[in-house]
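*Asks:* Hey, dropping input.tsv in here, TSV, C-alpha atoms:
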chain	number	residue	atom	x	y	z
A	1	MET	CA	-53.38	-33.76	-43.38
A	2	LYS	CA	-51.27	-31.79	-40.89
A	3	TYR	CA	-50.24	-32.95	-37.44
A	4	LEU	CA	-48.84	-30.90	-34.57
A	5	LEU	CA	-46.09	-32.51	-32.51
A	6	LEU	CA	-45.32	-31.03	-29.10
A	7	VAL	CA	-41.76	-31.97	-28.07
A	8	ALA	CA	-40.90	-31.59	-24.38
A	9	HIS	CA	-37.65	-32.33	-22.59
A	10	GLY	CA	-38.94	-35.33	-20.66
A	11	SER	CA	-38.55	-35.93	-16.94
A	12	ARG	CA	-37.70	-38.71	-14.49
A	13	ARG	CA	-40.83	-37.59	-12.69
A	14	GLN	CA	-43.66	-39.37	-14.46
A	15	ALA	CA	-46.26	-36.77	-13.43
A	16	SER	CA	-44.40	-34.11	-15.46
A	17	ASN	CA	-44.55	-36.25	-18.59
A	18	GLU	CA	-48.22	-36.91	-18.00
A	19	GLU	CA	-48.78	-33.16	-17.68
A	20	VAL	CA	-47.46	-32.77	-21.25
A	21	GLN	CA	-49.64	-35.62	-22.52
A	22	THR	CA	-52.70	-34.10	-20.86
A	23	LEU	CA	-51.89	-30.75	-22.44
A	24	ALA	CA	-51.64	-32.38	-25.88
A	25	GLY	CA	-55.05	-33.95	-25.26
A	26	ARG	CA	-56.51	-30.54	-24.46
A	27	VAL	CA	-54.91	-29.00	-27.55
A	28	GLU	CA	-56.47	-31.79	-29.63
A	29	LYS	CA	-59.94	-30.56	-28.64
A	30	GLN	CA	-59.14	-27.07	-29.93
A	31	LEU	CA	-57.07	-27.87	-33.01
A	32	PRO	CA	-57.24	-25.13	-35.64
A	33	ASN	CA	-58.59	-25.82	-39.11
A	34	GLY	CA	-56.15	-27.67	-41.29
A	35	PHE	CA	-54.75	-29.76	-38.46
A	36	SER	CA	-56.06	-33.25	-37.86
A	37	GLY	CA	-53.96	-34.52	-34.99
A	38	VAL	CA	-51.61	-33.66	-32.18
A	39	LYS	CA	-49.09	-35.80	-30.34
A	40	ALA	CA	-46.51	-35.32	-27.60
A	41	ALA	CA	-42.93	-36.60	-27.67
A	42	PHE	CA	-39.90	-36.34	-25.40
A	43	LEU	CA	-36.30	-35.54	-26.19
A	44	GLU	CA	-35.03	-37.76	-23.38
A	45	LEU	CA	-36.00	-39.68	-20.21
A	46	ALA	CA	-39.54	-40.43	-21.38
A	47	SER	CA	-41.48	-42.12	-24.12
A	48	PRO	CA	-42.44	-41.74	-26.93
A	49	SER	CA	-39.20	-40.48	-28.40
A	50	ILE	CA	-39.24	-37.95	-31.22
A	51	GLU	CA	-38.60	-40.73	-33.73
A	52	MET	CA	-41.41	-42.91	-32.39
A	53	ALA	CA	-43.87	-40.02	-32.46
A	54	ILE	CA	-42.88	-38.91	-35.98
A	55	ASP	CA	-43.33	-42.48	-37.22
A	56	ALA	CA	-46.74	-42.67	-35.54
A	57	CYS	CA	-47.93	-39.41	-37.13
A	58	TYR	CA	-46.97	-40.49	-40.65
A	59	GLU	CA	-48.28	-44.02	-40.13
A	60	GLU	CA	-51.64	-42.48	-39.20
A	61	GLY	CA	-51.58	-40.68	-42.55
A	62	ALA	CA	-50.14	-37.26	-41.75
A	63	SER	CA	-48.70	-35.58	-44.84
A	64	GLU	CA	-47.10	-32.72	-42.98
A	65	LEU	CA	-45.78	-32.18	-39.47
A	66	LEU	CA	-45.36	-29.02	-37.44
A	67	ILE	CA	-43.06	-29.56	-34.46
A	68	LEU	CA	-43.31	-27.19	-31.50
A	69	PRO	CA	-40.41	-27.30	-29.02
A	70	TYR	CA	-42.12	-27.11	-25.62
A	71	PHE	CA	-39.12	-25.38	-24.02
A	72	LEU	CA	-38.95	-22.00	-22.31
A	73	SER	CA	-35.47	-21.14	-23.51
A	74	ALA	CA	-33.34	-21.81	-26.55
A	75	GLY	CA	-30.54	-23.95	-25.13
A	76	THR	CA	-28.59	-26.71	-26.86
A	77	HIS	CA	-31.61	-29.01	-26.66
A	78	VAL	CA	-33.62	-26.69	-28.87
A	79	ALA	CA	-30.81	-25.46	-31.08
A	80	LYS	CA	-29.03	-28.76	-31.73
A	81	ASP	CA	-30.38	-31.95	-30.14
A	82	MET	CA	-33.95	-31.65	-31.31
A	83	PRO	CA	-33.17	-30.78	-34.97
A	84	THR	CA	-30.68	-33.69	-35.01
A	85	GLU	CA	-33.31	-36.15	-33.73
A	86	VAL	CA	-35.89	-34.83	-36.20
A	87	ALA	CA	-33.49	-35.12	-39.14
A	88	LYS	CA	-32.62	-38.67	-38.13
A	89	ALA	CA	-36.29	-39.67	-37.96
A	90	MET	CA	-37.06	-37.99	-41.29
A	91	ASP	CA	-34.54	-40.20	-43.13
A	92	LYS	CA	-37.30	-42.79	-43.16
A	93	TRP	CA	-39.86	-40.37	-44.61
A	94	PRO	CA	-38.14	-38.60	-47.53
A	95	ASP	CA	-41.43	-37.56	-49.18
A	96	LYS	CA	-43.01	-35.97	-46.12
A	97	LYS	CA	-42.87	-32.35	-45.03
A	98	VAL	CA	-41.75	-31.22	-41.59
A	99	GLU	CA	-41.27	-27.82	-40.00
A	100	ILE	CA	-39.87	-26.92	-36.58
A	101	ALA	CA	-41.47	-23.85	-34.99
A	102	SER	CA	-39.72	-21.50	-32.55
A	103	HIS	CA	-39.64	-22.75	-28.97
A	104	ILE	CA	-42.70	-21.82	-26.94
A	105	GLY	CA	-40.85	-19.37	-24.69
A	106	SER	CA	-40.07	-17.17	-27.69
A	107	LEU	CA	-43.58	-16.85	-29.10
A	108	ASP	CA	-45.12	-13.37	-28.96
A	109	PRO	CA	-48.37	-14.45	-27.24
A	110	MET	CA	-46.25	-15.61	-24.27
A	111	ILE	CA	-46.61	-12.01	-23.04
A	112	ASP	CA	-50.40	-12.39	-22.97
A	113	LEU	CA	-50.12	-15.73	-21.20
A	114	ILE	CA	-47.94	-14.14	-18.51
A	115	THR	CA	-50.20	-11.13	-18.00
A	116	SER	CA	-53.25	-13.44	-17.85
A	117	VAL	CA	-52.37	-14.15	-14.19
A	118	CYS	CA	-52.55	-10.45	-13.24
A	119	HIS	CA	-55.73	-9.69	-11.35
B	1	MET	CA	-48.97	-0.89	-5.82
B	2	LYS	CA	-48.74	-4.42	-7.21
B	3	TYR	CA	-45.66	-5.98	-8.74
B	4	LEU	CA	-45.41	-9.13	-10.85
B	5	LEU	CA	-42.39	-11.37	-10.22
B	6	LEU	CA	-41.50	-13.93	-12.86
B	7	VAL	CA	-39.46	-16.73	-11.27
B	8	ALA	CA	-37.52	-19.00	-13.65
B	9	HIS	CA	-35.26	-21.93	-12.83
B	10	GLY	CA	-32.02	-20.22	-13.87
B	11	SER	CA	-29.37	-21.64	-16.18
B	12	ARG	CA	-25.60	-21.96	-16.44
B	13	ARG	CA	-26.12	-20.63	-19.94
B	14	GLN	CA	-26.25	-16.86	-19.57
B	15	ALA	CA	-28.29	-16.38	-22.76
B	16	SER	CA	-31.17	-18.35	-21.22
B	17	ASN	CA	-31.24	-16.07	-18.19
B	18	GLU	CA	-31.13	-13.04	-20.46
B	19	GLU	CA	-34.08	-14.44	-22.41
B	20	VAL	CA	-36.13	-14.35	-19.19
B	21	GLN	CA	-35.00	-10.81	-18.38
B	22	THR	CA	-35.89	-9.69	-21.91
B	23	LEU	CA	-39.30	-11.29	-21.55
B	24	ALA	CA	-39.89	-9.45	-18.26
B	25	GLY	CA	-38.96	-6.23	-20.05
B	26	ARG	CA	-41.54	-6.94	-22.74
B	27	VAL	CA	-44.19	-7.77	-20.15
B	28	GLU	CA	-43.44	-4.44	-18.45
B	29	LYS	CA	-44.56	-2.61	-21.61
B	30	GLN	CA	-47.94	-4.37	-21.51
B	31	LEU	CA	-48.61	-4.53	-17.79
B	32	PRO	CA	-52.32	-4.66	-16.96
B	33	ASN	CA	-54.00	-1.95	-14.90
B	34	GLY	CA	-53.25	-2.24	-11.23
B	35	PHE	CA	-49.69	-3.46	-11.73
B	36	SER	CA	-46.84	-1.02	-11.60
B	37	GLY	CA	-43.77	-3.17	-12.06
B	38	VAL	CA	-42.41	-6.52	-13.13
B	39	LYS	CA	-39.14	-8.22	-12.26
B	40	ALA	CA	-37.48	-11.54	-13.01
B	41	ALA	CA	-35.74	-13.80	-10.48
B	42	PHE	CA	-34.07	-17.19	-10.53
B	43	LEU	CA	-34.44	-20.17	-8.21
B	44	GLU	CA	-30.81	-21.17	-8.74
B	45	LEU	CA	-27.69	-20.70	-10.90
B	46	ALA	CA	-28.46	-17.08	-11.76
B	47	SER	CA	-29.03	-13.72	-10.19
B	48	PRO	CA	-31.12	-12.08	-8.81
B	49	SER	CA	-32.30	-14.71	-6.37
B	50	ILE	CA	-35.94	-14.80	-5.27
B	51	GLU	CA	-35.00	-13.08	-2.01
B	52	MET	CA	-33.06	-10.31	-3.76
B	53	ALA	CA	-35.92	-9.67	-6.18
B	54	ILE	CA	-38.59	-9.66	-3.44
B	55	ASP	CA	-36.51	-7.17	-1.44
B	56	ALA	CA	-36.10	-4.98	-4.53
B	57	CYS	CA	-39.86	-4.95	-5.24
B	58	TYR	CA	-40.77	-3.89	-1.69
B	59	GLU	CA	-37.91	-1.40	-1.50
B	60	GLU	CA	-39.31	0.23	-4.65
B	61	GLY	CA	-42.61	0.59	-2.83
B	62	ALA	CA	-44.63	-2.44	-3.89
B	63	SER	CA	-47.42	-3.21	-1.43
B	64	GLU	CA	-48.33	-6.54	-2.98
B	65	LEU	CA	-46.52	-9.15	-5.03
B	66	LEU	CA	-47.83	-11.72	-7.50
B	67	ILE	CA	-45.25	-14.42	-8.19
B	68	LEU	CA	-45.53	-16.43	-11.41
B	69	PRO	CA	-43.46	-19.63	-11.56
B	70	TYR	CA	-42.05	-19.63	-15.10
B	71	PHE	CA	-41.93	-23.42	-15.25
B	72	LEU	CA	-43.65	-25.77	-17.68
B	73	SER	CA	-44.33	-28.51	-15.17
B	74	ALA	CA	-45.06	-28.77	-11.48
B	75	GLY	CA	-41.98	-30.56	-10.15
B	76	THR	CA	-40.35	-30.19	-6.74
B	77	HIS	CA	-39.00	-26.77	-7.71
B	78	VAL	CA	-42.51	-25.40	-8.09
B	79	ALA	CA	-44.17	-27.40	-5.34
B	80	LYS	CA	-41.52	-27.06	-2.62
B	81	ASP	CA	-38.35	-25.10	-3.35
B	82	MET	CA	-39.98	-21.93	-4.61
B	83	PRO	CA	-42.57	-21.58	-1.80
B	84	THR	CA	-39.76	-22.22	0.71
B	85	GLU	CA	-37.62	-19.44	-0.78
B	86	VAL	CA	-40.57	-17.07	-0.90
B	87	ALA	CA	-41.51	-17.78	2.73
B	88	LYS	CA	-37.91	-17.19	3.80
B	89	ALA	CA	-37.75	-13.85	2.00
B	90	MET	CA	-41.13	-12.78	3.38
B	91	ASP	CA	-39.90	-13.08	6.99
B	92	LYS	CA	-38.41	-9.65	6.43
B	93	TRP	CA	-41.68	-8.18	5.16
B	94	PRO	CA	-44.38	-9.28	7.61
B	95	ASP	CA	-46.80	-6.50	6.59
B	96	LYS	CA	-46.67	-7.13	2.84
B	97	LYS	CA	-48.93	-9.33	0.76
B	98	VAL	CA	-47.67	-12.04	-1.56
B	99	GLU	CA	-49.41	-14.61	-3.76
B	100	ILE	CA	-47.92	-17.41	-5.83
B	101	ALA	CA	-49.80	-18.15	-9.07
B	102	SER	CA	-49.96	-21.55	-10.77
B	103	HIS	CA	-46.92	-22.38	-12.89
B	104	ILE	CA	-47.14	-21.13	-16.45
B	105	GLY	CA	-47.49	-24.58	-18.01
B	106	SER	CA	-50.77	-25.11	-16.17
B	107	LEU	CA	-52.52	-21.90	-17.22
B	108	ASP	CA	-55.53	-22.34	-19.49
B	109	PRO	CA	-54.38	-19.88	-22.19
B	110	MET	CA	-51.33	-22.15	-22.75
B	111	ILE	CA	-53.62	-24.00	-25.18
B	112	ASP	CA	-54.02	-20.82	-27.24
B	113	LEU	CA	-50.28	-20.16	-27.14
B	114	ILE	CA	-49.61	-23.65	-28.50
B	115	THR	CA	-52.19	-23.42	-31.26
B	116	SER	CA	-50.89	-19.97	-32.22
B	117	VAL	CA	-48.10	-21.71	-34.16
B	118	CYS	CA	-50.58	-23.65	-36.35
B	119	HIS	CA	-50.76	-22.16	-39.81
Write the structure described by the file as structure tokens, please.

*Replies:*
Amino acid sequence: MKYLLLVAHGSRRQASNEEVQTLAGRVEKQLPNGFSGVKAAFLELASPSIEMAIDACYEEGASELLILPYFLSAGTHVAKDMPTEVAKAMDKWPDKKVEIASHIGSLDPMIDLITSVCH
Amino acid sequence: MKYLLLVAHGSRRQASNEEVQTLAGRVEKQLPNGFSGVKAAFLELASPSIEMAIDACYEEGASELLILPYFLSAGTHVAKDMPTEVAKAMDKWPDKKVEIASHIGSLDPMIDLITSVCH
């Protein structure tokens, strides 16, 4: 039972955090085969934290977690802070599998998303 | 002759700015029909500015500009700062057309981009 976890930076502006939660809700309706849940988490400034969200996924019965950094560029947050937070949370779940995908700005279909606005 | 202008926030970290420029270069190789160029610009902290990039597009002969805010959420930068900068730059080009698209985080195909990591 795989879960997808979308990790965003988090903002002081509550509407930005809600935008991420709404997006996760929309992804949930189109989850590919093999995935049974999706959640959003925030590196800072908003809740749930990465640790809270990882706990929630495994408590709901996830056996495996795919974490997608919802960041446009690969700064320190993506390269260091997020892996550190994930490793800390995983201490509690030594038998579970976790994988961190490349940040969203680096994914090949980003090109198609950009050109989708051209009309 | 339409141009696409990708406007990112800009970062103190030069590699992040280069990531946006590289992306624009990749988009250029897959530009849809009707578009003849793509450029990147930065709202702050990096060069070229929005004004510099808009000038460059029109000086190269663009007749129309589609601006895509390369932002994941619709904060003040997207809602206020960017339109203000664009309006300021357009004062110089009263006969040219410009359109600002929705920020990239709000585009429908973002769902497909997110689920593309699920395997």

*Asks:* Could you give me chain A least-squares fitted onto chain B (all C-alpha atoms, paired in order), as a PDB file with C-alpha atoms, in the frame of the given file?

*Replies:*
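File out16.pdb, as written:
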ATOM      1  CA  MET A   1     -48.990  -0.852  -5.834  1.00  0.00           C
ATOM      2  CA  LYS A   2     -48.741  -4.393  -7.225  1.00  0.00           C
ATOM      3  CA  TYR A   3     -45.662  -5.972  -8.752  1.00  0.00           C
ATOM      4  CA  LEU A   4     -45.407  -9.122 -10.851  1.00  0.00           C
ATOM      5  CA  LEU A   5     -42.402 -11.352 -10.218  1.00  0.00           C
ATOM      6  CA  LEU A   6     -41.513 -13.934 -12.855  1.00  0.00           C
ATOM      7  CA  VAL A   7     -39.463 -16.740 -11.260  1.00  0.00           C
ATOM      8  CA  ALA A   8     -37.516 -18.988 -13.639  1.00  0.00           C
ATOM      9  CA  HIS A   9     -35.261 -21.922 -12.853  1.00  0.00           C
ATOM     10  CA  GLY A  10     -32.029 -20.216 -13.870  1.00  0.00           C
ATOM     11  CA  SER A  11     -29.375 -21.642 -16.166  1.00  0.00           C
ATOM     12  CA  ARG A  12     -25.596 -21.950 -16.447  1.00  0.00           C
ATOM     13  CA  ARG A  13     -26.111 -20.633 -19.953  1.00  0.00           C
ATOM     14  CA  GLN A  14     -26.251 -16.872 -19.568  1.00  0.00           C
ATOM     15  CA  ALA A  15     -28.278 -16.379 -22.766  1.00  0.00           C
ATOM     16  CA  SER A  16     -31.179 -18.348 -21.227  1.00  0.00           C
ATOM     17  CA  ASN A  17     -31.256 -16.061 -18.200  1.00  0.00           C
ATOM     18  CA  GLU A  18     -31.134 -13.031 -20.448  1.00  0.00           C
ATOM     19  CA  GLU A  19     -34.072 -14.444 -22.410  1.00  0.00           C
ATOM     20  CA  VAL A  20     -36.129 -14.348 -19.185  1.00  0.00           C
ATOM     21  CA  GLN A  21     -34.999 -10.798 -18.401  1.00  0.00           C
ATOM     22  CA  THR A  22     -35.899  -9.671 -21.915  1.00  0.00           C
ATOM     23  CA  LEU A  23     -39.310 -11.286 -21.557  1.00  0.00           C
ATOM     24  CA  ALA A  24     -39.891  -9.441 -18.269  1.00  0.00           C
ATOM     25  CA  GLY A  25     -38.970  -6.207 -20.050  1.00  0.00           C
ATOM     26  CA  ARG A  26     -41.547  -6.920 -22.743  1.00  0.00           C
ATOM     27  CA  VAL A  27     -44.199  -7.763 -20.148  1.00  0.00           C
ATOM     28  CA  GLU A  28     -43.448  -4.436 -18.442  1.00  0.00           C
ATOM     29  CA  LYS A  29     -44.575  -2.593 -21.583  1.00  0.00           C
ATOM     30  CA  GLN A  30     -47.938  -4.374 -21.497  1.00  0.00           C
ATOM     31  CA  LEU A  31     -48.614  -4.510 -17.764  1.00  0.00           C
ATOM     32  CA  PRO A  32     -52.325  -4.663 -16.954  1.00  0.00           C
ATOM     33  CA  ASN A  33     -53.998  -1.960 -14.896  1.00  0.00           C
ATOM     34  CA  GLY A  34     -53.252  -2.242 -11.223  1.00  0.00           C
ATOM     35  CA  PHE A  35     -49.701  -3.453 -11.734  1.00  0.00           C
ATOM     36  CA  SER A  36     -46.830  -1.005 -11.599  1.00  0.00           C
ATOM     37  CA  GLY A  37     -43.773  -3.175 -12.055  1.00  0.00           C
ATOM     38  CA  VAL A  38     -42.407  -6.512 -13.129  1.00  0.00           C
ATOM     39  CA  LYS A  39     -39.148  -8.228 -12.263  1.00  0.00           C
ATOM     40  CA  ALA A  40     -37.470 -11.548 -13.013  1.00  0.00           C
ATOM     41  CA  ALA A  41     -35.762 -13.799 -10.469  1.00  0.00           C
ATOM     42  CA  PHE A  42     -34.082 -17.201 -10.537  1.00  0.00           C
ATOM     43  CA  LEU A  43     -34.443 -20.166  -8.234  1.00  0.00           C
ATOM     44  CA  GLU A  44     -30.826 -21.206  -8.755  1.00  0.00           C
ATOM     45  CA  LEU A  45     -27.697 -20.722 -10.913  1.00  0.00           C
ATOM     46  CA  ALA A  46     -28.468 -17.095 -11.757  1.00  0.00           C
ATOM     47  CA  SER A  47     -29.047 -13.727 -10.192  1.00  0.00           C
ATOM     48  CA  PRO A  48     -31.128 -12.081  -8.804  1.00  0.00           C
ATOM     49  CA  SER A  49     -32.313 -14.716  -6.375  1.00  0.00           C
ATOM     50  CA  ILE A  50     -35.936 -14.804  -5.273  1.00  0.00           C
ATOM     51  CA  GLU A  51     -34.993 -13.086  -2.018  1.00  0.00           C
ATOM     52  CA  MET A  52     -33.057 -10.320  -3.763  1.00  0.00           C
ATOM     53  CA  ALA A  53     -35.908  -9.662  -6.181  1.00  0.00           C
ATOM     54  CA  ILE A  54     -38.580  -9.655  -3.449  1.00  0.00           C
ATOM     55  CA  ASP A  55     -36.508  -7.171  -1.445  1.00  0.00           C
ATOM     56  CA  ALA A  56     -36.097  -4.975  -4.526  1.00  0.00           C
ATOM     57  CA  CYS A  57     -39.844  -4.940  -5.251  1.00  0.00           C
ATOM     58  CA  TYR A  58     -40.768  -3.890  -1.711  1.00  0.00           C
ATOM     59  CA  GLU A  59     -37.909  -1.393  -1.502  1.00  0.00           C
ATOM     60  CA  GLU A  60     -39.297   0.239  -4.654  1.00  0.00           C
ATOM     61  CA  GLY A  61     -42.614   0.609  -2.830  1.00  0.00           C
ATOM     62  CA  ALA A  62     -44.614  -2.436  -3.898  1.00  0.00           C
ATOM     63  CA  SER A  63     -47.411  -3.215  -1.445  1.00  0.00           C
ATOM     64  CA  GLU A  64     -48.333  -6.524  -2.993  1.00  0.00           C
ATOM     65  CA  LEU A  65     -46.524  -9.149  -5.041  1.00  0.00           C
ATOM     66  CA  LEU A  66     -47.829 -11.714  -7.490  1.00  0.00           C
ATOM     67  CA  ILE A  67     -45.254 -14.424  -8.190  1.00  0.00           C
ATOM     68  CA  LEU A  68     -45.537 -16.433 -11.403  1.00  0.00           C
ATOM     69  CA  PRO A  69     -43.469 -19.638 -11.560  1.00  0.00           C
ATOM     70  CA  TYR A  70     -42.051 -19.627 -15.097  1.00  0.00           C
ATOM     71  CA  PHE A  71     -41.932 -23.437 -15.242  1.00  0.00           C
ATOM     72  CA  LEU A  72     -43.644 -25.784 -17.678  1.00  0.00           C
ATOM     73  CA  SER A  73     -44.308 -28.527 -15.163  1.00  0.00           C
ATOM     74  CA  ALA A  74     -45.054 -28.787 -11.475  1.00  0.00           C
ATOM     75  CA  GLY A  75     -41.975 -30.571 -10.143  1.00  0.00           C
ATOM     76  CA  THR A  76     -40.345 -30.205  -6.734  1.00  0.00           C
ATOM     77  CA  HIS A  77     -38.997 -26.788  -7.712  1.00  0.00           C
ATOM     78  CA  VAL A  78     -42.506 -25.426  -8.086  1.00  0.00           C
ATOM     79  CA  ALA A  79     -44.170 -27.425  -5.342  1.00  0.00           C
ATOM     80  CA  LYS A  80     -41.533 -27.076  -2.621  1.00  0.00           C
ATOM     81  CA  ASP A  81     -38.352 -25.106  -3.350  1.00  0.00           C
ATOM     82  CA  MET A  82     -39.971 -21.943  -4.607  1.00  0.00           C
ATOM     83  CA  PRO A  83     -42.572 -21.603  -1.800  1.00  0.00           C
ATOM     84  CA  THR A  84     -39.761 -22.233   0.724  1.00  0.00           C
ATOM     85  CA  GLU A  85     -37.598 -19.459  -0.770  1.00  0.00           C
ATOM     86  CA  VAL A  86     -40.566 -17.077  -0.897  1.00  0.00           C
ATOM     87  CA  ALA A  87     -41.506 -17.768   2.727  1.00  0.00           C
ATOM     88  CA  LYS A  88     -37.917 -17.194   3.808  1.00  0.00           C
ATOM     89  CA  ALA A  89     -37.759 -13.848   1.997  1.00  0.00           C
ATOM     90  CA  MET A  90     -41.136 -12.765   3.386  1.00  0.00           C
ATOM     91  CA  ASP A  91     -39.893 -13.071   6.989  1.00  0.00           C
ATOM     92  CA  LYS A  92     -38.390  -9.641   6.435  1.00  0.00           C
ATOM     93  CA  TRP A  93     -41.662  -8.169   5.155  1.00  0.00           C
ATOM     94  CA  PRO A  94     -44.378  -9.278   7.606  1.00  0.00           C
ATOM     95  CA  ASP A  95     -46.803  -6.504   6.582  1.00  0.00           C
ATOM     96  CA  LYS A  96     -46.673  -7.121   2.841  1.00  0.00           C
ATOM     97  CA  LYS A  97     -48.932  -9.323   0.754  1.00  0.00           C
ATOM     98  CA  VAL A  98     -47.675 -12.035  -1.577  1.00  0.00           C
ATOM     99  CA  GLU A  99     -49.408 -14.595  -3.758  1.00  0.00           C
ATOM    100  CA  ILE A 100     -47.922 -17.417  -5.830  1.00  0.00           C
ATOM    101  CA  ALA A 101     -49.809 -18.155  -9.056  1.00  0.00           C
ATOM    102  CA  SER A 102     -49.966 -21.565 -10.755  1.00  0.00           C
ATOM    103  CA  HIS A 103     -46.932 -22.389 -12.877  1.00  0.00           C
ATOM    104  CA  ILE A 104     -47.151 -21.125 -16.442  1.00  0.00           C
ATOM    105  CA  GLY A 105     -47.475 -24.591 -17.982  1.00  0.00           C
ATOM    106  CA  SER A 106     -50.770 -25.116 -16.162  1.00  0.00           C
ATOM    107  CA  LEU A 107     -52.527 -21.920 -17.216  1.00  0.00           C
ATOM    108  CA  ASP A 108     -55.548 -22.354 -19.494  1.00  0.00           C
ATOM    109  CA  PRO A 109     -54.368 -19.888 -22.180  1.00  0.00           C
ATOM    110  CA  MET A 110     -51.339 -22.162 -22.741  1.00  0.00           C
ATOM    111  CA  ILE A 111     -53.604 -24.006 -25.204  1.00  0.00           C
ATOM    112  CA  ASP A 112     -54.024 -20.815 -27.242  1.00  0.00           C
ATOM    113  CA  LEU A 113     -50.294 -20.150 -27.131  1.00  0.00           C
ATOM    114  CA  ILE A 114     -49.614 -23.645 -28.487  1.00  0.00           C
ATOM    115  CA  THR A 115     -52.195 -23.422 -31.265  1.00  0.00           C
ATOM    116  CA  SER A 116     -50.873 -19.957 -32.219  1.00  0.00           C
ATOM    117  CA  VAL A 117     -48.066 -21.703 -34.154  1.00  0.00           C
ATOM    118  CA  CYS A 118     -50.533 -23.634 -36.348  1.00  0.00           C
ATOM    119  CA  HIS A 119     -50.718 -22.143 -39.813  1.00  0.00           C
TER     120      HIS A 119
END

*Asks:* Return as a ChimeraX atom specification the residues belonging to chain A that are within 10 Å of chain B, counting only C-alpha atoms.

*Replies:* /A:2-4,6,8,11,13-20,23-24,26-35,66-76,101-119

*Asks:* Could you list, as a PyMOL selection string, every residue within 12 Å of Pro94 in chain B, counting only C-alpha atoms and ignoring same-chain residues fewer than 4 positions away?

*Replies:* chain B and resi 58+63-64+87-90+98

*Asks:* How many Å separate CA of Val78 in chain B from CA of Asp95 in chain B?

*Replies:*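 Answer for the CA of Val78 in chain B to CA of Asp95 in chain B separation: 24.3 Å.
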
*Asks:* Using all atoms listed in the file, pick whichever of B:Ala40, B:Gly25, B:Met1, B:His77 has the shortest atom-to-atom distance to Glu59 in chain B.

*Replies:*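 Smallest separation from Glu59 in chain B among the options: B:Met1.
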
*Asks:* Given all atoms listed in the file as the basis, pick out the residue of B:Lys97, B:Leu5, B:Val86, B:Gly10 nearest to Leu43 in chain B.

*Replies:*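 Counting all atoms listed in the file, the residue closest to Leu43 in chain B is B:Gly10.
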
*Asks:* Which residue, B:Arg12, B:Thr84, B:Met52, B:Ile100, has the smallest gap to Leu65 in chain B when you use only C-alpha atoms?

*Replies:*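 The closest residue to Leu65 in chain B is B:Ile100.
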
*Asks:* Interatomic distance between CA of Ala41 in chain A and CA of His9 in chain B?

*Replies:*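 Taking CA of Ala41 in chain A as the start and CA of His9 in chain B as the end point, the length is 22.2 Å.
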
*Asks:* What gap, in Å, lies between CA of Ala62 in chain B and CA of Glu99 in chain B?

*Replies:*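 A separation of 13.1 Å between them.
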